[in-house]
Amino acid sequence: MWPNLAELAPAYVRSFNAYVPSLPDPELMRQYGVSSLVRLNNNENALGPPPAAMEAMQRFPPPQAAVYPSGDCFHLRQALAERFGKHPDQFLVGNGSMEVISSVLKAFCGPGDNIVTADKTFAMYEWVAEFSGLTARLAPLRDMAFDPEALLALADGRTKVFFLCNPNNPTGTWWDRTVMARFLDQVGGRALVVLDEAYCEYLEDPAFPDGMQLLDRYPNLVVFRTFSKMYGLAGLRIGYLCASPEVTGMVRRTHVVYSVNVLAQTLALAALGDDGEHIRATRDMVRESRAALVPALMRLGLPHVAGEGNFVMARVPVPDTLMYRRLMMRGFMVRTMTGFRFPNWIRITLVRPPVMEAFTVALAAALGEG
Ligand SMILES: Cc1ncc(COP(=O)(O)O)c(C=O)c1O
C-alpha cells in the first residue's frame, strides 16, 4: 500500500492553491466560439520586440539550439553593466523576473521570517513567499498607492524583504524620488528592499526615481527589471536583478544556473542595443491608447484607475468573471482582478488605438447584455 504521497509535502505547500494559467488561444477560441482573440490580460507590448531583436531571431542558427547557453548570461550582464554603469557581477538574470523573486527569498529567508508588501499589487511576491513557507505581511494601499507608513508598521525583527512595485501593477500609482528616498532611509540596513521596476520604461516624469541610481546610496536595495514588458520578449522569459555585489553574490548561490535559454539571451542583448526608437514608439502608442480608452470608460460610467504603465483598471457593474466571459465571446481577453483583491474590477492592457476602439465597442455591448 502506498501512503498518501501528498503528506510528504510541507503543510504550507499542501494548503497553497496552485495558480491556474489561461489556456492557449486556439483552445479558448474553440470554447468561446470566436475566430480571433485579442489578449489584453498580460500587459504585453503590442508592438513586439525592437527591430534588432526580431532580426536576431531570424538570424539565429537552428543548430545552436543543441548547445547549452552561457550559464550566467555572460554577454548580457556585460551589456547591462555598461548601460547602467555597474559591474557585471551586480546582475543576476533569470527565467523572467519572476524567477529571481524565488532566488532572493531562498537566499535571504529562513523558517519564521517574513516579507512585507502591499495587499493589492503583483501577487507573485506574496505567493512565492507563501509556498516557500514564509509569511507575507500585507499593507493596505492608500489612495490606490503603496503606503510607506503602513509597510514600515508591519515590519519586525524577522522581516527580511520589503517588496515595492513602482509603478504599481495594477493601479499604475508610483512613489516619487522624495517618497522613495525617505522610505529607504527609514528601512536602513535592517532588511532588503526589492524595487520591482517592471514598467519603469513607460514613465517619462523626471520625478520618477531610477532604482539603478539609488543602488549607489542603498546597498540593501535590489532592483528588478524585465524584458517582458517594454522590450516585448515576454514569450522568451527573461528578466534580471541588480544589487550590490554582496547581495547579488548571495542570491547567486540559490539561483538555478542555465535557467535562461540561448534565444532569450541573444534577443535581450539585441533589444537592449536597439531600444531608443522602440521605447518612444511604445510610449506614443500607450499614450494614444489611454486617450482613447479613458473617455470611453467615462462615457460608459465605469469608475477606473488610469495610472502609469501600459494598463488601465475599470470597475464593472457585474462580477469580473462574468464580464470576462462576455468579453471573451466578443474576442477580447481581459484580466479579472478578484485575485488582486479588486473584486468586480478588470485590468485592460493598452495596445494599438484601433484595437482599443474595437474593445470599447465590445465593452459597451457586454455591459448592455443582461
Ligand atoms: C510588476 C511585475 N513584476 C514582474 C512581472 C513578471 O515579469 P517576468 O515576465 O519578467 O517574469 C510582471 C508581469 O506581469 C509584473 O507585472
# chains A, B, ... in the order shown; residues from 1 in each chain; ligands from 1

$ residues_near_ligand --ligand "ligand 1" --cutoff "9 Å" --atoms "only C-alpha atoms and all ligand atoms" --output "count of residues only"
41

$ residues_around --residues "stretch 275-292 of chain A" --least-positions-apart "4" --cutoff "12 Å" --atoms "only C-alpha atoms" --output "VMD selection string"
chain A and resid 43 to 53 83 199 to 204 227 229 to 232 267 to 271 296 to 299 304 to 313 348 to 361

$ atom_distance --atom1 "atom CA of A:Tyr218" --atom2 "atom CA of A:Trp127"
26.4 Å

$ closest_residue --among "A:Ser15, A:Ser36, A:Gln213, A:Asn41" --to "A:Thr336" --atoms "only C-alpha atoms"
A:Asn41

$ select_by_dssp --residues "stretch 80-318 of chain A" --states "strand (DSSP E)" --output "JSON, numbers by chain"
{"A": [91, 92, 93, 94, 114, 115, 116, 117, 118, 135, 136, 137, 138, 139, 159, 160, 161, 162, 163, 164, 165, 192, 193, 194, 195, 196, 221, 222, 223, 224, 225, 226, 239, 240, 241, 242, 243, 304, 305, 311, 312, 313, 314, 315]}

$ residues_around --residues "A:Met212" --least-positions-apart "5" --cutoff "12 Å" --atoms "only C-alpha atoms" --output "list in words"
Leu80, Ala81, Arg83, Phe84, Gly85, Lys86, His87, Gln90, Phe91, Val194, Leu195, Asp196, Glu197, Cys200, Arg217, Tyr218, Pro219, Leu221, Val222, Val223, Phe224, Arg225, Leu241, Cys242, Ala243 and Ser244 of chain A
